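Worksheet: the structure to be examined is printed underneath.
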Amino acid sequence: MKKASKKEISVIKEAFVERYSEAVTELHYNSAYELVIAVALSAQCTDKRVNLITPALFKKYPDAASLAVADLDDVKVLINSCSFFNNKAKNIIAMANRVMNVYEGEIPMDEKELITLAGVGQKTANVVMIEYTGANLMAVDTHVFRVSHRLGLSSDETASKTEATLVKKFQTNLHQLHQGLVLFGRYICTAKNPKCETECFLREFCKSKESFKAR
Ligand code: SF4
């Protein structure tokens, strides 16, 4: 597959930054605690679904202190329409316990500390940092992966290699690029029936309409 040239990368970057400069996550949250949980729940689950689940969860467990002593079965019931809810329920309770025991009840806003929390991998930590602090980081979900490949920005087979490639190629404005790539992939460059003719502002840079998926 053809790769995007340096010039193309720079124009694509500019287009994303301009169009999505104010873009934020579509997950609903009011605090770092709520954001970390919403992002953790969104793995393999849509943001829409997570937004339906979290109001009742946050009402009953508004902070790490209450969630740390929550009944596991009760949490499972509250989040059971989310994929992998059994593991996610265990993880968010364990996460709250660590936040209470090690971080005095405050979510640590640091990439390396975040990944020590149960259920928080590198991607979740990066998404939290991008959203909450505007950190210059990239995170590759299914949308970012597909769009990066269609635009010839990456030919890597895995999400983590694609992340490294995007960081190397874009270098700056990564948080805006992340938010933009997600929204562009979710609403315009969709996996099935992308809106190439009607809405795509990057048509001239498109290298393929294949539905790329990370291994
Ligand atoms: S032309 Fe279509 S497939 Fe290509 S980047 Fe645009 S929306 Fe995506």
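A note on labels: chains of the structure tokens are A, B, ... as shown, every chain counts residues from 1, and ligands are counted from 1 in their shown order.
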
Please return as a PyMOL selection string the residues found within 9 Å of ligand 1, counting only C-alpha atoms and all ligand atoms.
chain A and resi 146-148+150-151+184-185+188-191+193-211

Please provide the set of residues having any atom within 10 Å of Val77 in chain A, restricted to only C-alpha atoms, with same-chain residues fewer than 4 positions apart removed, written as a compact mmCIF listing (two decimals) with N, CA, C and O atoms, in the first residue's frame.
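Dumped to around_35.txt:
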# COMPACT_ATOMS: atom_id res chain seq x y z
N LEU A 57 -24.01 4.01 38.08
CA LEU A 57 -22.78 3.56 38.76
C LEU A 57 -22.19 4.70 39.60
O LEU A 57 -21.84 4.51 40.78
N LEU A 72 -19.12 -6.74 44.97
CA LEU A 72 -18.78 -7.10 43.59
C LEU A 72 -20.03 -7.41 42.76
O LEU A 72 -20.16 -6.93 41.63
N ASP A 73 -20.95 -8.19 43.32
CA ASP A 73 -22.14 -8.56 42.55
C ASP A 73 -23.00 -7.34 42.22
O ASP A 73 -23.61 -7.27 41.15
N SER A 81 -24.44 -4.60 31.07
CA SER A 81 -24.69 -4.50 29.63
C SER A 81 -23.41 -4.15 28.88
O SER A 81 -23.41 -3.96 27.65
N PHE A 85 -18.07 -7.53 31.51
CA PHE A 85 -18.43 -6.83 32.76
C PHE A 85 -17.91 -7.52 34.02
O PHE A 85 -17.63 -6.87 35.02
N ASN A 86 -17.75 -8.86 33.97
CA ASN A 86 -17.24 -9.56 35.17
C ASN A 86 -15.85 -9.06 35.53
O ASN A 86 -15.58 -8.68 36.66
N ALA A 89 -15.81 -5.29 36.45
CA ALA A 89 -16.30 -5.02 37.81
C ALA A 89 -15.18 -5.27 38.83
O ALA A 89 -14.92 -4.45 39.71

So what do you get for CA of Asn91 in chain A versus CA of Ala118 in chain A, distance-wise?
5.1 Å

Among listed residues A:Lys59, A:Lys112, A:Lys213, A:Arg19, nearest Leu78 in chain A (using only C-alpha atoms):
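Checking each candidate against Leu78 in chain A, we get A:Lys59 as the closest.
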
Go through A:Leu174, A:Val36, A:Val182, A:Val24 and flag the residue nearest Asp141 in chain A, using only C-alpha atoms for the distances.
A:Val182

Near-Ser10 in chain A list (8 Å; only C-alpha atoms; drop same-chain fewer than 4 positions) as a ChimeraX atom specification:
/A:6,14,170

Quick one: distance from CA of Ala4 in chain A to CA of Ala159 in chain A in Å, one decimal?
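CA of Ala159 in chain A lies 18.3 Å from CA of Ala4 in chain A.
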
Non-local contacts of Ala135 in chain A (10 Å; only C-alpha atoms; under 6 positions in same chain excluded) as JSON, numbers by chain:
{"A": [110, 111, 126, 127, 128, 129, 173, 174, 175, 176]}

Report, in Å to a single decimal, how far apart CA of Val17 in chain A and CA of Tyr33 in chain A are.
27.9 Å

Which of range 2-206 of chain A end up as alpha helix (DSSP H) when DSSP is run on this backbone - answer as number ranges by chain?
A: 6-19, 32-41, 47-60, 64-68, 72-78, 85-103, 111-114, 122-133, 142-150, 159-170, 174-187
